[in-house]
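Chemist: What follows is the file entry14.txt, containing compact mmCIF, C-alpha atoms:
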```txt
# COMPACT_ATOMS: atom_id res chain seq x y z
CA MET A 113 -3.45 -110.52 -43.46
CA SER A 114 -3.59 -109.60 -47.14
CA PRO A 115 -5.44 -106.46 -48.27
CA ILE A 116 -8.12 -108.62 -49.90
CA ASP A 117 -8.69 -110.56 -46.67
CA PHE A 118 -8.78 -107.26 -44.78
CA ILE A 119 -11.64 -106.10 -47.00
CA LEU A 120 -13.56 -109.36 -47.32
CA GLU A 121 -13.44 -110.68 -43.75
CA PRO A 122 -16.02 -108.21 -42.29
CA LEU A 123 -18.29 -108.84 -45.30
CA SER A 124 -18.59 -112.50 -44.33
CA TYR A 125 -20.91 -111.40 -41.50
CA ASP A 126 -24.50 -110.45 -42.28
CA PHE A 127 -24.61 -107.77 -39.57
CA MET A 128 -21.62 -106.00 -41.12
CA ILE A 129 -23.29 -105.87 -44.53
CA ARG A 130 -26.41 -104.35 -42.94
CA ALA A 131 -24.27 -101.88 -41.03
CA LEU A 132 -22.39 -100.79 -44.15
CA ILE A 133 -25.58 -100.27 -46.18
CA THR A 134 -27.22 -98.29 -43.38
CA THR A 135 -24.15 -96.14 -42.77
CA LEU A 136 -23.57 -95.40 -46.45
CA VAL A 137 -27.16 -94.29 -47.01
CA ALA A 138 -27.19 -92.15 -43.86
CA ALA A 139 -23.79 -90.60 -44.63
CA ILE A 140 -24.61 -89.73 -48.25
CA VAL A 141 -28.06 -88.26 -47.52
CA GLY A 142 -26.78 -86.32 -44.51
CA ALA A 143 -23.81 -85.00 -46.50
CA VAL A 144 -25.93 -83.71 -49.38
CA LEU A 145 -28.30 -81.93 -46.99
CA SER A 146 -25.38 -80.57 -44.97
CA THR A 147 -24.17 -78.49 -47.94
CA TRP A 148 -27.32 -76.35 -47.74
CA LEU A 149 -27.37 -76.24 -43.93
CA VAL A 150 -23.81 -74.87 -43.88
CA LEU A 151 -24.49 -72.25 -46.56
CA ILE A 152 -27.78 -71.07 -45.05
CA GLY A 153 -26.26 -70.95 -41.57
CA TRP A 154 -28.64 -73.55 -40.17
CA SER A 155 -26.04 -75.61 -38.34
CA LEU A 156 -27.60 -74.88 -34.96
CA MET A 157 -31.07 -75.47 -36.40
CA GLY A 158 -29.87 -78.85 -37.64
CA ASP A 159 -28.72 -79.63 -34.12
CA ALA A 160 -32.09 -78.56 -32.72
CA VAL A 161 -34.27 -80.54 -35.13
CA SER A 162 -32.12 -83.68 -34.97
CA HIS A 163 -32.48 -83.76 -31.16
CA ALA A 164 -36.09 -82.57 -31.04
CA VAL A 165 -37.32 -85.53 -33.11
CA LEU A 166 -36.54 -87.95 -30.26
CA PRO A 167 -39.96 -87.78 -28.50
CA GLY A 168 -41.67 -88.11 -31.87
CA VAL A 169 -39.73 -91.27 -32.66
CA VAL A 170 -40.57 -92.76 -29.26
CA ILE A 171 -44.28 -91.90 -29.55
CA ALA A 172 -44.36 -93.33 -33.08
CA TYR A 173 -42.83 -96.53 -31.70
CA VAL A 174 -45.48 -96.76 -28.98
CA LEU A 175 -48.32 -96.17 -31.46
CA ASP A 176 -46.75 -98.52 -34.00
CA PHE A 177 -46.46 -95.72 -36.57
CA PRO A 178 -43.51 -95.19 -38.93
CA PHE A 179 -40.71 -93.29 -37.17
CA ALA A 180 -40.78 -90.65 -39.91
CA VAL A 181 -44.31 -89.54 -38.94
CA GLY A 182 -43.37 -88.70 -35.37
CA ALA A 183 -40.02 -87.22 -36.40
CA VAL A 184 -41.50 -84.80 -38.93
CA PHE A 185 -44.24 -83.72 -36.53
CA PHE A 186 -41.84 -82.93 -33.70
CA GLY A 187 -39.33 -81.40 -36.10
CA PHE A 188 -41.93 -78.85 -37.19
CA LEU A 189 -43.14 -78.43 -33.61
CA ALA A 190 -39.59 -77.50 -32.58
CA VAL A 191 -39.32 -74.90 -35.34
CA ILE A 192 -42.71 -73.39 -34.43
CA LEU A 193 -41.84 -73.22 -30.73
CA ILE A 194 -38.48 -71.60 -31.50
CA GLY A 195 -40.25 -68.96 -33.59
CA VAL A 196 -42.85 -68.30 -30.90
CA VAL A 197 -40.27 -67.90 -28.13
CA ARG A 198 -38.09 -65.67 -30.33
CA ASP A 199 -40.92 -63.42 -31.55
CA THR A 200 -42.85 -63.03 -28.30
CA SER A 201 -40.02 -62.44 -25.83
CA ARG A 202 -36.64 -60.77 -25.45
CA VAL A 203 -34.93 -64.14 -25.86
CA LYS A 204 -32.72 -64.27 -28.98
CA GLU A 205 -32.92 -67.06 -31.55
CA ASP A 206 -29.84 -68.98 -30.41
CA ALA A 207 -31.13 -69.10 -26.84
CA ALA A 208 -34.62 -70.06 -28.06
CA ILE A 209 -33.14 -72.92 -30.07
CA GLY A 210 -31.20 -74.14 -27.04
CA ILE A 211 -34.25 -74.00 -24.79
CA VAL A 212 -36.60 -75.79 -27.18
CA PHE A 213 -34.35 -78.57 -28.40
CA THR A 214 -32.97 -79.46 -24.97
CA THR A 215 -36.48 -79.53 -23.51
CA LEU A 216 -37.84 -81.75 -26.29
CA PHE A 217 -34.76 -83.96 -26.13
CA ALA A 218 -35.25 -84.34 -22.38
CA LEU A 219 -38.91 -85.22 -23.01
CA GLY A 220 -37.73 -87.96 -25.34
CA LEU A 221 -35.39 -89.35 -22.70
CA VAL A 222 -38.21 -89.37 -20.15
CA LEU A 223 -40.53 -91.15 -22.59
CA ILE A 224 -37.86 -93.77 -23.25
CA SER A 225 -37.48 -94.35 -19.51
CA VAL A 226 -41.22 -94.96 -18.96
CA THR A 227 -42.06 -96.78 -22.20
CA PRO A 228 -42.46 -100.54 -21.79
CA SER A 229 -40.58 -102.17 -24.64
CA GLN A 230 -39.35 -105.55 -25.72
CA THR A 231 -36.28 -103.84 -27.12
CA ASP A 232 -33.81 -101.36 -25.70
CA LEU A 233 -34.92 -97.93 -26.95
CA GLY A 234 -31.57 -96.54 -25.84
CA HIS A 235 -30.28 -97.36 -29.34
CA ILE A 236 -32.31 -94.39 -30.58
CA VAL A 237 -30.14 -92.09 -28.49
CA PHE A 238 -26.73 -93.72 -28.86
CA GLY A 239 -27.18 -95.74 -32.03
CA ASN A 240 -26.85 -99.48 -32.54
CA LEU A 241 -25.37 -99.82 -35.99
CA LEU A 242 -24.38 -103.46 -35.66
CA GLY A 243 -27.86 -104.36 -34.42
CA VAL A 244 -29.93 -103.04 -37.33
CA SER A 245 -32.27 -105.57 -38.92
CA TRP A 246 -33.10 -105.95 -42.59
CA ALA A 247 -36.41 -104.22 -41.81
CA ASP A 248 -34.44 -101.25 -40.45
CA VAL A 249 -32.23 -101.28 -43.55
CA THR A 250 -35.31 -101.26 -45.78
CA GLN A 251 -36.76 -98.27 -43.91
CA VAL A 252 -33.45 -96.40 -44.11
CA VAL A 253 -33.08 -97.06 -47.84
CA ILE A 254 -36.67 -95.98 -48.62
CA LEU A 255 -36.49 -92.80 -46.53
CA GLY A 256 -32.97 -92.07 -47.78
CA ALA A 257 -33.94 -92.50 -51.43
CA PHE A 258 -36.99 -90.26 -51.00
CA THR A 259 -35.02 -87.54 -49.19
CA LEU A 260 -32.08 -87.64 -51.61
CA GLY A 261 -34.45 -87.60 -54.59
CA ALA A 262 -36.28 -84.55 -53.20
CA LEU A 263 -33.00 -82.73 -52.51
CA ILE A 264 -31.69 -83.36 -56.02
CA TYR A 265 -35.01 -82.59 -57.74
CA LYS A 266 -35.40 -79.23 -55.96
CA ARG A 267 -31.70 -78.41 -55.72
CA LYS A 268 -31.97 -75.23 -57.79
CA ASP A 269 -34.73 -73.82 -55.57
CA PHE A 270 -32.83 -74.76 -52.39
CA THR A 271 -29.62 -73.23 -53.74
CA LEU A 272 -31.33 -69.96 -54.68
CA PHE A 273 -32.98 -69.89 -51.25
CA ALA A 274 -29.57 -70.37 -49.63
CA PHE A 275 -27.80 -67.65 -51.61
CA ASP A 276 -30.53 -65.06 -52.25
CA PRO A 277 -34.01 -65.58 -50.73
CA ILE A 278 -35.06 -62.07 -51.87
CA HIS A 279 -34.36 -62.97 -55.50
CA ALA A 280 -36.17 -66.29 -54.97
CA ARG A 281 -39.28 -64.39 -53.90
CA ALA A 282 -38.91 -61.98 -56.83
CA ILE A 283 -39.09 -64.79 -59.40
CA GLY A 284 -42.18 -66.30 -57.81
CA LEU A 285 -40.79 -68.79 -55.30
CA ASN A 286 -42.02 -68.93 -51.72
CA PRO A 287 -38.98 -68.79 -49.38
CA LYS A 288 -41.07 -69.82 -46.35
CA LEU A 289 -42.34 -72.89 -48.18
CA ILE A 290 -38.85 -73.79 -49.37
CA GLY A 291 -37.55 -73.44 -45.82
CA ALA A 292 -40.39 -75.63 -44.53
CA VAL A 293 -39.58 -78.32 -47.09
CA LEU A 294 -35.91 -78.24 -46.08
CA LEU A 295 -36.89 -78.63 -42.43
CA ALA A 296 -39.12 -81.59 -43.29
CA LEU A 297 -36.24 -83.22 -45.18
CA LEU A 298 -34.00 -82.44 -42.21
CA ALA A 299 -36.37 -84.35 -39.93
CA LEU A 300 -36.46 -87.31 -42.34
CA THR A 301 -32.67 -87.30 -42.61
CA SER A 302 -32.44 -87.36 -38.82
CA VAL A 303 -34.54 -90.54 -38.78
CA VAL A 304 -32.25 -92.10 -41.40
CA ALA A 305 -29.08 -91.15 -39.55
CA LEU A 306 -30.24 -92.06 -36.04
CA GLN A 307 -30.41 -95.70 -37.13
CA ALA A 308 -26.66 -95.47 -37.69
CA VAL A 309 -25.28 -93.16 -35.03
CA GLY A 310 -28.16 -92.29 -32.70
CA VAL A 311 -29.76 -88.93 -32.02
CA ILE A 312 -26.75 -87.52 -30.17
CA LEU A 313 -24.35 -87.87 -33.12
CA VAL A 314 -26.80 -87.16 -35.94
CA VAL A 315 -25.83 -83.49 -35.98
CA ALA A 316 -22.26 -84.44 -36.88
CA MET A 317 -23.43 -86.19 -40.06
CA LEU A 318 -25.52 -83.11 -40.87
CA ILE A 319 -22.72 -80.57 -40.47
CA ILE A 320 -19.21 -82.02 -40.87
CA PRO A 321 -19.40 -83.14 -44.55
CA GLY A 322 -20.76 -79.81 -45.77
CA ALA A 323 -18.25 -77.85 -43.71
CA THR A 324 -15.40 -80.00 -45.04
CA ALA A 325 -16.47 -79.53 -48.66
CA TYR A 326 -16.85 -75.79 -48.06
CA LEU A 327 -13.15 -75.59 -47.18
CA LEU A 328 -12.20 -77.33 -50.42
CA THR A 329 -14.18 -75.40 -53.03
CA ASP A 330 -16.19 -72.26 -53.69
CA ASN A 331 -18.27 -74.03 -56.34
CA PHE A 332 -21.57 -75.28 -54.91
CA SER A 333 -22.00 -77.95 -57.59
CA LYS A 334 -18.63 -79.39 -56.62
CA MET A 335 -19.65 -79.26 -52.94
CA LEU A 336 -22.64 -81.47 -53.76
CA VAL A 337 -20.19 -84.09 -55.05
CA ILE A 338 -17.30 -83.68 -52.60
CA ALA A 339 -19.44 -83.82 -49.43
CA PRO A 340 -21.16 -87.19 -50.08
CA VAL A 341 -18.00 -88.78 -51.50
CA MET A 342 -15.98 -87.87 -48.42
CA ALA A 343 -18.85 -88.88 -46.13
CA ALA A 344 -19.09 -92.27 -47.85
CA ILE A 345 -15.33 -92.84 -47.47
CA ALA A 346 -15.54 -91.92 -43.78
CA ALA A 347 -18.57 -94.19 -43.33
CA VAL A 348 -16.89 -97.27 -44.79
CA GLY A 349 -13.60 -96.49 -43.06
CA GLY A 350 -15.32 -95.94 -39.73
CA VAL A 351 -17.23 -99.22 -39.89
CA TYR A 352 -14.09 -101.17 -40.82
CA LEU A 353 -12.07 -99.50 -38.06
CA SER A 354 -14.79 -100.27 -35.51
CA TYR A 355 -14.69 -103.93 -36.57
CA TYR A 356 -10.94 -104.33 -36.26
CA LEU A 357 -10.50 -102.09 -33.22
CA ASP A 358 -13.64 -103.37 -31.47
CA THR A 359 -15.03 -99.88 -30.85
CA ALA A 360 -18.45 -98.21 -31.14
CA SER A 361 -19.39 -98.17 -34.82
CA GLY A 362 -21.43 -94.96 -34.87
CA GLY A 363 -18.84 -93.08 -32.89
CA MET A 364 -16.04 -94.30 -35.14
CA VAL A 365 -17.89 -93.18 -38.28
CA VAL A 366 -18.33 -89.67 -36.87
CA LEU A 367 -14.73 -89.67 -35.62
CA SER A 368 -13.58 -90.51 -39.16
CA GLN A 369 -15.56 -87.58 -40.52
CA GLY A 370 -14.04 -85.33 -37.86
CA ALA A 371 -10.54 -86.53 -38.77
CA MET A 372 -11.22 -85.71 -42.43
CA PHE A 373 -12.36 -82.23 -41.49
CA ALA A 374 -9.25 -81.70 -39.34
CA PHE A 375 -7.00 -82.76 -42.21
CA VAL A 376 -8.75 -80.44 -44.68
CA TYR A 377 -8.80 -77.63 -42.12
CA LEU A 378 -5.02 -77.90 -41.82
CA PHE A 379 -3.91 -78.80 -45.35
CA SER A 380 -6.52 -77.49 -47.80
CA PRO A 381 -4.49 -75.63 -50.46
CA ARG A 382 -6.70 -72.52 -50.39
CA GLN A 383 -8.28 -72.52 -46.92
CA GLY A 384 -6.08 -74.76 -44.76
CA ILE A 385 -4.08 -73.20 -41.95
CA ILE A 386 -0.89 -74.95 -43.07
CA GLY A 387 -1.90 -75.52 -46.69
CA LYS A 388 -2.22 -71.79 -47.41
CA ARG A 389 1.30 -71.17 -46.18
CA ILE A 390 2.69 -74.04 -48.23
CA SER A 391 0.85 -72.75 -51.33
CA ALA A 392 2.16 -69.25 -50.69
CA VAL A 393 5.74 -70.54 -50.44
CA ILE A 394 5.39 -72.59 -53.63
CA TYR A 395 3.87 -69.60 -55.45
CA ALA A 396 6.67 -67.32 -54.25
CA ARG A 397 9.31 -69.78 -55.49
CA GLN A 398 7.61 -70.08 -58.87
CA GLN A 399 7.49 -66.31 -59.18
CA ALA A 400 11.18 -66.09 -58.25
CA ARG A 401 12.09 -68.72 -60.89
CA SER A 402 10.03 -66.87 -63.52
CA LEU A 403 11.74 -63.60 -62.61
CA ARG A 404 15.22 -65.13 -62.84
CA ALA A 405 14.34 -66.76 -66.16
CA GLY A 406 13.15 -63.40 -67.49
CA ILE A 407 16.35 -61.68 -66.42
CA ASN A 408 18.54 -64.36 -67.98
```
Here is the file; what I need is its structure written in the form of structure tokens.
Modeler:
Amino acid sequence: MSPIDFILEPLSYDFMIRALITTLVAAIVGAVLSTWLVLIGWSLMGDAVSHAVLPGVVIAYVLDFPFAVGAVFFGFLAVILIGVVRDTSRVKEDAAIGIVFTTLFALGLVLISVTPSQTDLGHIVFGNLLGVSWADVTQVVILGAFTLGALIYKRKDFTLFAFDPIHARAIGLNPKLIGAVLLALLALTSVVALQAVGVILVVAMLIIPGATAYLLTDNFSKMLVIAPVMAAIAAVGGVYLSYYLDTASGGMVVLSQGAMFAFVYLFSPRQGIIGKRISAVIYARQQARSLRAGIN
């Protein structure tokens, strides 16, 4: 098979085109948001909110509401419950997060099991990338465009909140409001991503790209470019691999992102376990050559 045939054959199927569009939107939006989650230290919060939206999505389905309505409501409910448990008991925040998100996630599973449906709601949990309809693609694109637009428009406020919330308050910003907006966008991003990989793997799309970019650069502006570019490459590569290897599409997309992180973790010139040693050896040899040239 020629390289052109390798690329074009999957595109001859309508379901593959829908899958690629959905995955690209979810990967790019999740990657951009992940840069702030990693810097703020909200990785576990991202895990909590992405799982806690499940009952909201199911209830929205039953009431014939947009998924985003139920997701945002339960996303904020999770954050409020975590704060209440943390502030009114001896339980620390990490334990409170674990208690709340697992309980709400379990509630979602129970609701799925008792909800009469013409369709299999299990795709919300595990994803059904190859089964998305054009209506699903439209919803993903609209929500993704809104979320990405909001992240880019308020990027300076979010960045200041991530690096120095005290300074943000000093210049007139409201850190609590900024945090609330980020959490709302996190809930919306979870809805976008669950169409591609399901609730269980959403957290990977919200953490891995930002963490990977963080190992490659100290410049936040560059992170905002590197993370979505790498996520998009992993998304397309994962979908193509799933087609030719006949594997789960959502899982393969996340596995591709994980493989990228592993490569960067090992071979990043400045932060990689092996890459740092290679850079140190190269630098030492250059210094030795310069010294010999100076002597001669």
Chemist: Taking into account all atoms listed in the file, which residue in the set A:Pro115, A:Leu357, A:Val293, A:Leu328 is nearest to Phe375 (chain A)?
Modeler: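 The closest residue to Phe375 (chain A) is A:Leu328.
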Chemist: My list of candidates is A:Val309, A:Met335, A:Ala396, A:Leu260. Which is closest to Val141 (chain A) when distances are computed with all atoms listed in the file?
Modeler: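 The answer is A:Leu260, which sits nearest to Val141 (chain A).
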Chemist: Expressed in Å to a single decimal, how great is the separation between CA of Gln307 (chain A) and CA of Ile116 (chain A)?
Modeler: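 That distance, rounded to one decimal, is 28.8 Å.
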Chemist: Using all atoms listed in the file, determine which residues lie at most 9 Å from region 125-127 of chain A, disregarding the query and same-chain residues fewer than 3 positions distant; provide the list as a PyMOL selection string.
Modeler: chain A and resi 121-122+130-132+241-245
Chemist: State, in Å with one decimal place, the distance from CA of Thr227 (chain A) to CA of Ser162 (chain A).
Modeler: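 That distance, rounded to one decimal, is 20.8 Å.
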Chemist: Taking all listed atoms of region 254-273 of chain A, build the axis-aligned box, pad each of the six sides by 4 Å, then write its centre and edge lengths in Å to one decimal as AutoDock Vina command-line options.
Modeler:
```
--center_x -33.3 --center_y -82.9 --center_z -52.2 --size_x 15.4 --size_y 34.1 --size_z 19.3
```
Chemist: For a test of reading the model, state the distance in Å between CA of Ala164 (chain A) and CA of Ile312 (chain A), rounded to one decimal.
Modeler: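 Distance between the two atoms: 10.6 Å.
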Chemist: Go through A:Arg281, A:Leu145, A:Leu216, A:Gly363 and flag the residue nearest Pro340 (chain A), using only C-alpha atoms for the distances.
Modeler: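 Distance minimum relative to Pro340 (chain A) lands on A:Leu145.
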Chemist: Using all atoms listed in the file, pick whichever of A:Met342, A:Val365, A:Ala160, A:Val226 has the shortest atom-to-atom distance to Phe213 (chain A).
Modeler: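 Selected residue with least distance to Phe213 (chain A): A:Ala160.
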Chemist: Which polymer residues have any atom within 12 Å of an atom of Val314 (chain A), counting all atoms listed in the file, with same-chain residues fewer than 2 positions away left out, as a VMD selection string?
Modeler: chain A and resid 135 138 to 139 141 to 143 146 155 158 to 166 236 to 239 298 to 312 316 to 320 362 to 363 365 to 366
Chemist: Rank nothing, just name the residue among A:Ala296, A:Ala347, A:Met372, A:Gly256 nearest to Leu136 (chain A), using all atoms listed in the file.
Modeler: A:Ala347
Chemist: If we count all atoms listed in the file and set the cut-off at 12 Å, which residues sit around Gly387 (chain A), ignoring sequence neighbours fewer than 4 positions away in its own chain? Please answer as a ChimeraX atom specification.
Modeler: /A:327-328,375-383,391-394
Chemist: Rank nothing, just name the residue among A:Val184, A:Ala172, A:Ala323, A:Val197 nearest to Trp154 (chain A), using only C-alpha atoms.
Modeler: A:Ala323
Chemist: May I have the residues within 12 Å of Ala280 (chain A) as an mmCIF file with C-alpha atoms, in the coordinates of the input, using only C-alpha atoms and disregarding those fewer than 2 positions away in the same chain?
Modeler:
```cif
data_model
loop_
_atom_site.group_PDB
_atom_site.id
_atom_site.type_symbol
_atom_site.label_atom_id
_atom_site.label_comp_id
_atom_site.auth_asym_id
_atom_site.auth_seq_id
_atom_site.Cartn_x
_atom_site.Cartn_y
_atom_site.Cartn_z
ATOM 1 C CA LYS A 268 -31.970 -75.230 -57.790
ATOM 2 C CA ASP A 269 -34.730 -73.820 -55.570
ATOM 3 C CA PHE A 270 -32.830 -74.760 -52.390
ATOM 4 C CA THR A 271 -29.620 -73.230 -53.740
ATOM 5 C CA LEU A 272 -31.330 -69.960 -54.680
ATOM 6 C CA PHE A 273 -32.980 -69.890 -51.250
ATOM 7 C CA ALA A 274 -29.570 -70.370 -49.630
ATOM 8 C CA PHE A 275 -27.800 -67.650 -51.610
ATOM 9 C CA ASP A 276 -30.530 -65.060 -52.250
ATOM 10 C CA PRO A 277 -34.010 -65.580 -50.730
ATOM 11 C CA ILE A 278 -35.060 -62.070 -51.870
ATOM 12 C CA ALA A 282 -38.910 -61.980 -56.830
ATOM 13 C CA ILE A 283 -39.090 -64.790 -59.400
ATOM 14 C CA GLY A 284 -42.180 -66.300 -57.810
ATOM 15 C CA LEU A 285 -40.790 -68.790 -55.300
ATOM 16 C CA ASN A 286 -42.020 -68.930 -51.720
ATOM 17 C CA PRO A 287 -38.980 -68.790 -49.380
ATOM 18 C CA LYS A 288 -41.070 -69.820 -46.350
ATOM 19 C CA LEU A 289 -42.340 -72.890 -48.180
ATOM 20 C CA ILE A 290 -38.850 -73.790 -49.370
ATOM 21 C CA GLY A 291 -37.550 -73.440 -45.820
#
```
Chemist: Please provide as a list of chain:residue names all residues within 7 Å of Val170 (chain A), with the sequence filter that same-chain residues fewer than 4 positions apart are discarded (counting all atoms listed in the file).
Modeler: A:Leu166, A:Val174, A:Gly220, A:Leu223, A:Ile224
Chemist: Mind completing region 361-387 of chain A with N, CA and C atoms? Output as an mmCIF file, in the coordinates of the input, please?
Modeler:
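Full text of rebuild-v3.cif as output:
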```
data_model
loop_
_atom_site.group_PDB
_atom_site.id
_atom_site.type_symbol
_atom_site.label_atom_id
_atom_site.label_comp_id
_atom_site.auth_asym_id
_atom_site.auth_seq_id
_atom_site.Cartn_x
_atom_site.Cartn_y
_atom_site.Cartn_z
ATOM 1 N N SER A 361 -19.364 -98.410 -33.378
ATOM 2 C CA SER A 361 -19.390 -98.170 -34.820
ATOM 3 C C SER A 361 -19.817 -96.750 -35.169
ATOM 4 N N GLY A 362 -20.943 -96.300 -34.584
ATOM 5 C CA GLY A 362 -21.430 -94.960 -34.870
ATOM 6 C C GLY A 362 -20.424 -93.891 -34.503
ATOM 7 N N GLY A 363 -19.844 -94.040 -33.341
ATOM 8 C CA GLY A 363 -18.840 -93.080 -32.890
ATOM 9 C C GLY A 363 -17.622 -93.065 -33.791
ATOM 10 N N MET A 364 -17.217 -94.238 -34.275
ATOM 11 C CA MET A 364 -16.040 -94.300 -35.140
ATOM 12 C C MET A 364 -16.313 -93.672 -36.507
ATOM 13 N N VAL A 365 -17.540 -93.809 -37.005
ATOM 14 C CA VAL A 365 -17.890 -93.180 -38.280
ATOM 15 C C VAL A 365 -17.802 -91.655 -38.153
ATOM 16 N N VAL A 366 -18.371 -91.119 -37.088
ATOM 17 C CA VAL A 366 -18.330 -89.670 -36.870
ATOM 18 C C VAL A 366 -16.890 -89.216 -36.619
ATOM 19 N N LEU A 367 -16.131 -90.008 -35.882
ATOM 20 C CA LEU A 367 -14.730 -89.670 -35.620
ATOM 21 C C LEU A 367 -13.931 -89.631 -36.925
ATOM 22 N N SER A 368 -14.247 -90.517 -37.852
ATOM 23 C CA SER A 368 -13.580 -90.510 -39.160
ATOM 24 C C SER A 368 -13.923 -89.247 -39.929
ATOM 25 N N GLN A 369 -15.182 -88.828 -39.871
ATOM 26 C CA GLN A 369 -15.560 -87.580 -40.520
ATOM 27 C C GLN A 369 -14.842 -86.392 -39.884
ATOM 28 N N GLY A 370 -14.748 -86.406 -38.553
ATOM 29 C CA GLY A 370 -14.040 -85.330 -37.860
ATOM 30 C C GLY A 370 -12.567 -85.297 -38.220
ATOM 31 N N ALA A 371 -11.961 -86.469 -38.388
ATOM 32 C CA ALA A 371 -10.540 -86.530 -38.770
ATOM 33 C C ALA A 371 -10.345 -85.969 -40.174
ATOM 34 N N MET A 372 -11.291 -86.271 -41.073
ATOM 35 C CA MET A 372 -11.220 -85.710 -42.430
ATOM 36 C C MET A 372 -11.301 -84.193 -42.397
ATOM 37 N N PHE A 373 -12.233 -83.679 -41.587
ATOM 38 C CA PHE A 373 -12.360 -82.230 -41.490
ATOM 39 C C PHE A 373 -11.081 -81.617 -40.949
ATOM 40 N N ALA A 374 -10.487 -82.225 -39.922
ATOM 41 C CA ALA A 374 -9.250 -81.700 -39.340
ATOM 42 C C ALA A 374 -8.132 -81.663 -40.374
ATOM 43 N N PHE A 375 -8.046 -82.722 -41.182
ATOM 44 C CA PHE A 375 -7.000 -82.760 -42.210
ATOM 45 C C PHE A 375 -7.203 -81.646 -43.230
ATOM 46 N N VAL A 376 -8.457 -81.492 -43.701
ATOM 47 C CA VAL A 376 -8.750 -80.440 -44.680
ATOM 48 C C VAL A 376 -8.547 -79.068 -44.070
ATOM 49 N N TYR A 377 -8.955 -78.904 -42.818
ATOM 50 C CA TYR A 377 -8.800 -77.630 -42.120
ATOM 51 C C TYR A 377 -7.328 -77.221 -42.058
ATOM 52 N N LEU A 378 -6.452 -78.198 -41.915
ATOM 53 C CA LEU A 378 -5.020 -77.900 -41.820
ATOM 54 C C LEU A 378 -4.349 -77.789 -43.181
ATOM 55 N N PHE A 379 -4.721 -78.669 -44.136
ATOM 56 C CA PHE A 379 -3.910 -78.800 -45.350
ATOM 57 C C PHE A 379 -4.631 -78.441 -46.646
ATOM 58 N N SER A 380 -5.857 -77.945 -46.573
ATOM 59 C CA SER A 380 -6.520 -77.490 -47.800
ATOM 60 C C SER A 380 -5.660 -76.431 -48.475
ATOM 61 N N PRO A 381 -5.400 -76.561 -49.783
ATOM 62 C CA PRO A 381 -4.490 -75.630 -50.460
ATOM 63 C C PRO A 381 -4.905 -74.164 -50.358
ATOM 64 N N ARG A 382 -6.227 -73.906 -50.370
ATOM 65 C CA ARG A 382 -6.700 -72.520 -50.390
ATOM 66 C C ARG A 382 -7.183 -72.040 -49.022
ATOM 67 N N GLN A 383 -7.696 -72.942 -48.190
ATOM 68 C CA GLN A 383 -8.280 -72.520 -46.920
ATOM 69 C C GLN A 383 -7.590 -73.112 -45.699
ATOM 70 N N GLY A 384 -6.724 -74.100 -45.887
ATOM 71 C CA GLY A 384 -6.080 -74.760 -44.760
ATOM 72 C C GLY A 384 -5.074 -73.870 -44.049
ATOM 73 N N ILE A 385 -4.998 -74.010 -42.743
ATOM 74 C CA ILE A 385 -4.080 -73.200 -41.950
ATOM 75 C C ILE A 385 -2.632 -73.407 -42.408
ATOM 76 N N ILE A 386 -2.250 -74.650 -42.600
ATOM 77 C CA ILE A 386 -0.890 -74.950 -43.070
ATOM 78 C C ILE A 386 -0.827 -74.937 -44.585
ATOM 79 N N GLY A 387 -1.879 -75.430 -45.224
ATOM 80 C CA GLY A 387 -1.900 -75.520 -46.690
ATOM 81 C C GLY A 387 -1.733 -74.179 -47.361
#
```
